Amino acid sequence: MNSYHSRTLRHKLDRSAAIMRTLMPLLIKGSLLTICMSLVVSCGQANTVKHQDLLRIKAEQTSPSAPNAAKKIILIVADSLLSEAIDRGLSKHQLPTIQALIERGRYERNVISSFPTMSVTIDSSLITGTYPDRHKVPGLIWYSDQAKRLINYGTGPSESLHQGAKRVIEDGMLHLNEEHLSKQVSTIYEDLHRKGKSSGSINGLLYRGPVQHRLAFPAWLEKPLNLPETATIKGPDLFAFGAFSNPLEDKLKLPVGPTNRFGLNNEYGIELTSHLAHNRMLPDFLYVYLPDADQQLHKHGPADDEAALKLDQQLGSLMQQGFGSVDEALKQAVIVIIGDSGVSEVRERSNDAKIELDKHLAAYKRLPPGQAPDSSTEIAIASNETMAYVYRFAQGPALSQLAAELASDARIDQLAWKDGDSVHVLQAGTGRKLQFKQGGPWQDAYQQAWTIEGDLEVMDLQTDADHHMLTSYRYPDGLKRLYAALRSHTSEYLIVTAKPGYELADEHSPTHPGGGAHGSLHAIESNVPIIVAGTQKLSVPLRIVDLKAWLLELSQSTN
C-alpha cells in the first residue's frame, strides 16, 4: 500500500472509530466496522426484488387478523441496554413506551448473557442456542490454530491496523459467518426456513441463513488491499446492513451517510422496521440490532441514561409509524426487547484502571499482531476488554505458571485453564483454588451436573447440601459459561478476567478509563434485561442461550 492510500485509510479509520466500536464484534462492535464504515457494500438487485416479493406474498398469505395465524416476531437487540437504566427511567416516568410494553407483557432484569460478554460471542449464542463450546466463536479477538494467527473482528483502530486491515475486514465480513461460526450448529434463520417461515436481519453481524446475497467491495478499498471485487454470503430472506446492503434503497430514504455511521445506527433499524410493518412486509421473524447505546456507555459509563431515553423515543416512533399504536402493534406482532451484555464502570486512568498483560508477561516472547508464530514464540495475548485469552505455545511456560505469575495482581479476578476434563480456577490476590468438571453429584439451577473440589468462594458458590444444589450470584451460570469458553477453540490457553473497575490490555488494545466495559464473567457484565409483550407465553428464558428455542416455539404459536 503506498503512502497516500495508507494516509487515506488511516484517516477513514479515525473518522469512523466510533462506529467501529458499535459494530463488528458485537454485532458490529469494533474496528472492523471502522474500516467497513467506508466500505460500499450492496446486495444484488435481483435478490432484492425477489426478496421483497417473497415477504409481501407471505405477509398477505398470513394476515395477522386471519384465524389461527401466528403473529410476527420482532426481536430487538439493544446493545448494552441496562436494567438499571430502565429502572431509573421508569421511576422518573421518562420511558412511556417501555412502560406501556411492560404493563402489557413481562419484564425480567437478570437474563444471563454468554461468555465472554462480547457481542460477537453473545449473538452467536443467541442465534444458535449454544455456548461457544459448540458455536466456536470465542470472542472479539482470539488465536486460531488452523489459521496460525490472531483473529480480530475489529477491536480498535490501532490494533486493527497492526493486525492488518485486509484481514480484519475479511474476518468480520466474510469468515465469521462463513467459516468461524460452526456448521455443526444451526442458526435460527436456517431453522425457520426448514419450518417454512421467513426471516430477516437488520444490521445483525451474525446472520448466516439459507438465502444468497452479494457483497461488493469498492475499488478504492478492493485494489489497495487486494480484496475480492464481490463476495457471496448467505443470510435470511431479508438482509439489511446499513448502506452496505439496503433491500429497500429505491423505496425508502434511510440515514446512511457518513454522519449517520453509514446506516449502522438505531435510526436506520427503527425506520426500516417501521416501513416493513406499515406496509405489511414483515417476515415471520425479524432480528433488529440497535447499536447506539454501546458507544455512549463505553464513553460515559453505566450511570449514563441518555441512551435509554433515546431508545424509548425510537421505540415509540416504531409503534406509531409502523403500527399506529402500542396496542395495535401487539395485535400484529410479538415484541421482544433484550440487552446483550451489562457494563461495569471503569476507573480513571490515574487509578490504575488498565491491567497491562504485555508488561506482566514481558519475560516471554509474545506473538506480534498480524504475524504467525515461529519456533521461538512463547505466548500470545488476545484482550477482550475485561476478559483475555493468554495462549501458550510449545516453547512457552505451563498455563499454571502463567496463572501464578498473574495472580499477584489483585485487580485480576480469576485465572482459569483446562486440564483434561477438569477446569482449574485460581483467584488472583488470594491464591484460593477451585477445580470442577462436568457430571457428578451437584446440580445447578439449569439441571447441569458438576463435580467440585476446593474453595467454593473462587466462583462464589453457595451449596444446598440437602438437595445437592449449587448457586452463584456473582457469576451466574458461571461454571457452564467458563467451561464452554475453555472449549471454544483448540489452542492451549489461559482465561483471565478483571474485577469490576479494571480492564485487561495488550500493547494496542482499546481501553475506556472513566467509562464502561464488559467481557468478564461477573454479574454486573452478565445480567441483561428482557421485555416481552404481545404473547401469552410469558414464561421467558432467563439465559440468552435458551432464547432461540423459545423463539422457534413462539413462531409456531397462534398467540
# chains A, B, ... in the order shown; residues from 1 in each chain; ligands from 1
call {"tool": "residues_around", "arguments": {"residues": "Leu276 in chain A", "least_positions_apart": "4", "cutoff": "12 Å", "atoms": "only C-alpha atoms", "output": "count of residues only"}}
result
28
call {"tool": "closest_atom_pairs", "arguments": {"of": "range 66-96 of chain A", "to": "range 507-526 of chain A", "cutoff": "12 Å", "atoms": "only C-alpha atoms", "output": "CSV"}}
result
residue,atom,partner,partner_atom,distance
A:Asp79,CA,A:His518,CA,11.7
A:Ser80,CA,A:His518,CA,9.2
A:Leu81,CA,A:Glu525,CA,11.1
A:Leu82,CA,A:Glu525,CA,9.6
A:Ser83,CA,A:Ile524,CA,10.4
A:Glu84,CA,A:Ile524,CA,10.4
call {"tool": "select_by_dssp", "arguments": {"residues": "range 296-498 of chain A", "states": "strand (DSSP E or B)", "output": "short mmCIF file (atom, residue, chain, number, x, y, z; two decimals) with C-alpha atoms, in the first residue's frame"}}
result
data_model
loop_
_atom_site.label_atom_id
_atom_site.label_comp_id
_atom_site.auth_asym_id
_atom_site.auth_seq_id
_atom_site.Cartn_x
_atom_site.Cartn_y
_atom_site.Cartn_z
CA ALA A 333 -46.63 -8.90 16.49
CA VAL A 334 -44.80 -10.24 19.49
CA ILE A 335 -42.28 -7.61 20.57
CA VAL A 336 -39.13 -8.83 22.36
CA ILE A 337 -36.52 -6.31 23.52
CA ILE A 338 -33.29 -7.54 25.09
CA GLY A 339 -29.86 -6.23 26.04
CA SER A 344 -19.17 -2.14 34.54
CA GLU A 345 -17.76 1.24 35.46
CA LYS A 354 -5.56 -0.72 32.84
CA ILE A 355 -4.03 -4.13 33.60
CA GLU A 356 -1.17 -4.34 31.11
CA ARG A 366 4.96 -12.63 22.57
CA ILE A 379 2.79 -16.68 24.28
CA ALA A 380 0.04 -14.64 22.59
CA ILE A 381 -2.44 -12.25 24.19
CA ALA A 382 -5.99 -11.59 22.99
CA SER A 383 -7.67 -8.96 25.15
CA ASN A 384 -11.48 -8.69 25.14
CA MET A 387 -11.58 -10.69 29.75
CA ALA A 388 -8.50 -12.00 27.93
CA TYR A 389 -7.10 -15.19 26.43
CA VAL A 390 -3.38 -15.84 27.06
CA TYR A 391 -2.05 -18.56 24.74
CA ARG A 392 0.86 -20.89 25.40
CA ILE A 412 -7.41 -9.55 38.30
CA ASP A 413 -10.38 -11.67 39.35
CA GLN A 414 -9.97 -15.22 38.02
CA LEU A 415 -7.39 -17.24 36.10
CA ALA A 416 -8.76 -20.45 34.58
CA TRP A 417 -7.43 -23.24 32.39
CA LYS A 418 -8.45 -26.76 31.45
CA ASP A 419 -6.59 -29.95 32.23
CA SER A 422 -11.23 -30.62 34.59
CA VAL A 423 -11.17 -26.84 34.91
CA HIS A 424 -8.74 -25.18 37.31
CA VAL A 425 -9.61 -21.72 38.66
CA LEU A 426 -7.19 -19.57 40.65
CA GLN A 427 -8.43 -16.47 42.44
CA LYS A 433 -8.18 -22.54 44.14
CA LEU A 434 -11.17 -24.43 42.77
CA GLN A 435 -11.37 -27.42 40.45
CA PHE A 436 -14.53 -28.64 38.72
CA LYS A 437 -15.73 -30.84 35.88
CA GLN A 438 -19.00 -31.80 34.24
CA GLY A 439 -21.01 -34.63 35.75
CA GLY A 440 -21.27 -35.51 39.39
CA PRO A 441 -23.44 -35.11 42.47
CA TRP A 442 -24.00 -31.33 42.40
CA GLN A 443 -26.64 -29.69 40.22
CA ALA A 449 -24.38 -31.62 36.92
CA TRP A 450 -20.92 -30.92 38.39
CA THR A 451 -18.11 -32.32 40.49
CA ILE A 452 -16.39 -29.61 42.55
CA GLU A 453 -13.29 -29.56 44.78
CA GLY A 454 -11.54 -26.76 46.60
CA GLN A 462 -23.39 -21.45 47.65
CA THR A 463 -24.49 -25.02 48.32
CA ASP A 464 -27.68 -26.66 49.49
CA MET A 469 -27.81 -27.72 44.61
CA LEU A 470 -25.28 -25.05 43.58
CA THR A 471 -25.94 -21.32 43.21
CA TYR A 493 -4.84 -21.06 26.68
CA LEU A 494 -5.50 -19.36 29.97
CA ILE A 495 -8.64 -17.28 30.62
CA VAL A 496 -8.11 -14.09 32.61
CA THR A 497 -10.94 -11.93 33.95
CA ALA A 498 -10.70 -8.50 35.58
#
call {"tool": "residues_around", "arguments": {"residues": "Asp340 in chain A", "least_positions_apart": "5", "cutoff": "8 Å", "atoms": "only C-alpha atoms", "output": "list in words"}}
result
Val77, Ala78, Asp79, Ser80, Leu81, Ser113, Thr117, Ser119, Ile122, Asp123 and Val528 of chain A
call {"tool": "residues_around", "arguments": {"residues": "Ser125 in chain A", "least_positions_apart": "4", "cutoff": "10 Å", "atoms": "only C-alpha atoms", "output": "list in words"}}
result
Ser113, Ser114, Phe115, Ser119, Val120, Thr121, Gly129, Thr130, Tyr131, Pro132, Arg134, His135, Lys136, Val137, Thr187, Leu206, Arg543, Ile544, Val545, Asp546, Leu547 and Lys548 of chain A
call {"tool": "write_last_selection", "arguments": {"atoms": "N, CA and C atoms", "output": "PDB file, in the first residue's frame"}}
result
ATOM      1  N   SER A 113     -26.251 -13.585  30.133  1.00  0.00           N
ATOM      2  CA  SER A 113     -25.620 -13.497  28.819  1.00  0.00           C
ATOM      3  C   SER A 113     -24.687 -14.687  28.594  1.00  0.00           C
ATOM      4  N   SER A 114     -23.986 -14.686  27.459  1.00  0.00           N
ATOM      5  CA  SER A 114     -22.967 -15.697  27.173  1.00  0.00           C
ATOM      6  C   SER A 114     -21.640 -15.212  27.743  1.00  0.00           C
ATOM      7  N   PHE A 115     -20.557 -15.923  27.476  1.00  0.00           N
ATOM      8  CA  PHE A 115     -19.228 -15.532  27.950  1.00  0.00           C
ATOM      9  C   PHE A 115     -18.185 -15.941  26.916  1.00  0.00           C
ATOM     10  N   SER A 119     -20.258  -8.910  22.233  1.00  0.00           N
ATOM     11  CA  SER A 119     -21.434  -9.112  21.399  1.00  0.00           C
ATOM     12  C   SER A 119     -21.269 -10.207  20.363  1.00  0.00           C
ATOM     13  N   VAL A 120     -20.093 -10.346  19.791  1.00  0.00           N
ATOM     14  CA  VAL A 120     -19.932 -11.339  18.731  1.00  0.00           C
ATOM     15  C   VAL A 120     -20.175 -12.745  19.272  1.00  0.00           C
ATOM     16  N   THR A 121     -19.717 -13.021  20.494  1.00  0.00           N
ATOM     17  CA  THR A 121     -19.954 -14.331  21.116  1.00  0.00           C
ATOM     18  C   THR A 121     -21.388 -14.444  21.612  1.00  0.00           C
ATOM     19  N   GLY A 129     -28.442 -20.869  19.892  1.00  0.00           N
ATOM     20  CA  GLY A 129     -28.910 -21.559  21.093  1.00  0.00           C
ATOM     21  C   GLY A 129     -27.842 -22.408  21.738  1.00  0.00           C
ATOM     22  N   THR A 130     -26.565 -22.055  21.536  1.00  0.00           N
ATOM     23  CA  THR A 130     -25.465 -22.821  22.107  1.00  0.00           C
ATOM     24  C   THR A 130     -24.431 -21.878  22.697  1.00  0.00           C
ATOM     25  N   TYR A 131     -23.629 -22.398  23.605  1.00  0.00           N
ATOM     26  CA  TYR A 131     -22.490 -21.667  24.127  1.00  0.00           C
ATOM     27  C   TYR A 131     -21.292 -21.867  23.187  1.00  0.00           C
ATOM     28  N   PRO A 132     -20.192 -21.129  23.389  1.00  0.00           N
ATOM     29  CA  PRO A 132     -19.089 -21.185  22.427  1.00  0.00           C
ATOM     30  C   PRO A 132     -18.377 -22.529  22.327  1.00  0.00           C
ATOM     31  N   ARG A 134     -19.800 -25.002  21.451  1.00  0.00           N
ATOM     32  CA  ARG A 134     -20.435 -25.590  20.277  1.00  0.00           C
ATOM     33  C   ARG A 134     -20.451 -24.636  19.086  1.00  0.00           C
ATOM     34  N   HIS A 135     -20.719 -23.350  19.293  1.00  0.00           N
ATOM     35  CA  HIS A 135     -20.777 -22.461  18.119  1.00  0.00           C
ATOM     36  C   HIS A 135     -19.403 -21.977  17.667  1.00  0.00           C
ATOM     37  N   LYS A 136     -18.367 -22.061  18.554  1.00  0.00           N
ATOM     38  CA  LYS A 136     -16.961 -21.870  18.173  1.00  0.00           C
ATOM     39  C   LYS A 136     -16.588 -20.439  17.803  1.00  0.00           C
ATOM     40  N   VAL A 137     -17.299 -19.461  18.337  1.00  0.00           N
ATOM     41  CA  VAL A 137     -16.888 -18.056  18.182  1.00  0.00           C
ATOM     42  C   VAL A 137     -16.455 -17.596  19.576  1.00  0.00           C
ATOM     43  N   THR A 187     -28.514 -22.003  12.739  1.00  0.00           N
ATOM     44  CA  THR A 187     -28.965 -20.698  13.205  1.00  0.00           C
ATOM     45  C   THR A 187     -30.490 -20.645  13.202  1.00  0.00           C
ATOM     46  N   LEU A 206     -24.175 -11.457  13.106  1.00  0.00           N
ATOM     47  CA  LEU A 206     -24.332 -12.907  12.941  1.00  0.00           C
ATOM     48  C   LEU A 206     -25.630 -13.150  12.204  1.00  0.00           C
ATOM     49  N   ARG A 543     -31.821 -17.234  30.294  1.00  0.00           N
ATOM     50  CA  ARG A 543     -30.469 -17.233  29.730  1.00  0.00           C
ATOM     51  C   ARG A 543     -30.590 -16.949  28.234  1.00  0.00           C
ATOM     52  N   ILE A 544     -29.682 -16.161  27.711  1.00  0.00           N
ATOM     53  CA  ILE A 544     -29.698 -15.870  26.275  1.00  0.00           C
ATOM     54  C   ILE A 544     -29.553 -17.143  25.462  1.00  0.00           C
ATOM     55  N   VAL A 545     -28.800 -18.111  25.955  1.00  0.00           N
ATOM     56  CA  VAL A 545     -28.573 -19.343  25.203  1.00  0.00           C
ATOM     57  C   VAL A 545     -29.866 -20.137  25.007  1.00  0.00           C
ATOM     58  N   ASP A 546     -30.876 -19.891  25.827  1.00  0.00           N
ATOM     59  CA  ASP A 546     -32.159 -20.600  25.718  1.00  0.00           C
ATOM     60  C   ASP A 546     -33.190 -19.831  24.897  1.00  0.00           C
ATOM     61  N   LEU A 547     -32.842 -18.656  24.438  1.00  0.00           N
ATOM     62  CA  LEU A 547     -33.814 -17.799  23.769  1.00  0.00           C
ATOM     63  C   LEU A 547     -34.222 -18.341  22.403  1.00  0.00           C
ATOM     64  N   LYS A 548     -33.274 -18.925  21.668  1.00  0.00           N
ATOM     65  CA  LYS A 548     -33.580 -19.415  20.318  1.00  0.00           C
ATOM     66  C   LYS A 548     -34.707 -20.454  20.344  1.00  0.00           C
TER      67      LYS A 548
END
call {"tool": "select_by_dssp", "arguments": {"residues": "range 280-490 of chain A", "states": "helix (DSSP H, G or I)", "output": "ChimeraX atom specification"}}
result
/A:292-300,306-323,326-332,349-351,357-360,399-406,456-459,478-485
call {"tool": "write_last_selection", "arguments": {"atoms": "C-alpha atoms", "output": "mmCIF file, in the first residue's frame"}}
result
data_model
loop_
_atom_site.group_PDB
_atom_site.id
_atom_site.type_symbol
_atom_site.label_atom_id
_atom_site.label_comp_id
_atom_site.auth_asym_id
_atom_site.auth_seq_id
_atom_site.Cartn_x
_atom_site.Cartn_y
_atom_site.Cartn_z
ATOM 1 C CA ASP A 292 -26.122 3.193 19.631
ATOM 2 C CA ALA A 293 -26.083 2.715 23.414
ATOM 3 C CA ASP A 294 -22.864 0.705 23.440
ATOM 4 C CA GLN A 295 -20.667 3.518 22.204
ATOM 5 C CA GLN A 296 -22.189 6.002 24.647
ATOM 6 C CA LEU A 297 -21.813 3.688 27.642
ATOM 7 C CA HIS A 298 -18.212 2.854 26.756
ATOM 8 C CA LYS A 299 -17.526 6.573 26.876
ATOM 9 C CA HIS A 300 -19.652 7.680 29.826
ATOM 10 C CA GLU A 306 -29.392 9.219 27.770
ATOM 11 C CA ALA A 307 -29.208 6.090 25.596
ATOM 12 C CA ALA A 308 -32.224 4.504 27.334
ATOM 13 C CA LEU A 309 -34.256 7.690 26.952
ATOM 14 C CA LYS A 310 -33.440 7.895 23.266
ATOM 15 C CA LEU A 311 -34.246 4.205 22.779
ATOM 16 C CA ASP A 312 -37.684 4.730 24.304
ATOM 17 C CA GLN A 313 -38.377 7.576 21.877
ATOM 18 C CA GLN A 314 -37.287 5.407 18.963
ATOM 19 C CA LEU A 315 -39.481 2.524 20.116
ATOM 20 C CA GLY A 316 -42.376 4.979 20.375
ATOM 21 C CA SER A 317 -41.737 6.002 16.777
ATOM 22 C CA LEU A 318 -41.806 2.355 15.690
ATOM 23 C CA MET A 319 -45.123 1.743 17.491
ATOM 24 C CA GLN A 320 -46.760 4.823 15.958
ATOM 25 C CA GLN A 321 -45.319 4.848 12.438
ATOM 26 C CA GLY A 322 -45.209 1.111 11.940
ATOM 27 C CA PHE A 323 -48.471 0.067 13.590
ATOM 28 C CA VAL A 326 -48.671 0.062 21.019
ATOM 29 C CA ASP A 327 -51.914 -1.901 21.278
ATOM 30 C CA GLU A 328 -52.186 -2.325 17.504
ATOM 31 C CA ALA A 329 -48.541 -3.416 17.365
ATOM 32 C CA LEU A 330 -49.229 -6.139 19.917
ATOM 33 C CA LYS A 331 -52.219 -7.377 17.922
ATOM 34 C CA GLN A 332 -49.948 -7.948 14.943
ATOM 35 C CA ARG A 349 -6.633 6.119 34.075
ATOM 36 C CA SER A 350 -4.870 7.652 37.068
ATOM 37 C CA ASN A 351 -6.330 4.919 39.290
ATOM 38 C CA LEU A 357 -0.788 -8.039 30.411
ATOM 39 C CA ASP A 358 2.065 -7.451 27.971
ATOM 40 C CA LYS A 359 4.118 -5.855 30.737
ATOM 41 C CA HIS A 360 3.184 -8.536 33.271
ATOM 42 C CA LEU A 399 -0.504 -22.440 31.960
ATOM 43 C CA SER A 400 -0.338 -22.947 35.714
ATOM 44 C CA GLN A 401 2.908 -20.954 35.772
ATOM 45 C CA LEU A 402 1.377 -18.121 33.768
ATOM 46 C CA ALA A 403 -1.588 -18.110 36.122
ATOM 47 C CA ALA A 404 0.669 -17.988 39.181
ATOM 48 C CA GLU A 405 2.613 -15.032 37.759
ATOM 49 C CA LEU A 406 -0.547 -13.041 37.045
ATOM 50 C CA LEU A 456 -16.135 -22.514 46.663
ATOM 51 C CA GLU A 457 -15.570 -18.775 47.178
ATOM 52 C CA VAL A 458 -13.452 -18.691 43.996
ATOM 53 C CA MET A 459 -16.679 -18.986 41.966
ATOM 54 C CA GLY A 478 -20.575 -19.371 35.837
ATOM 55 C CA LEU A 479 -19.441 -22.992 35.801
ATOM 56 C CA LYS A 480 -21.044 -23.738 32.446
ATOM 57 C CA ARG A 481 -20.061 -20.463 30.803
ATOM 58 C CA LEU A 482 -16.431 -20.777 31.903
ATOM 59 C CA TYR A 483 -16.340 -24.465 30.942
ATOM 60 C CA ALA A 484 -17.724 -23.642 27.476
ATOM 61 C CA ALA A 485 -15.240 -20.809 26.847
#
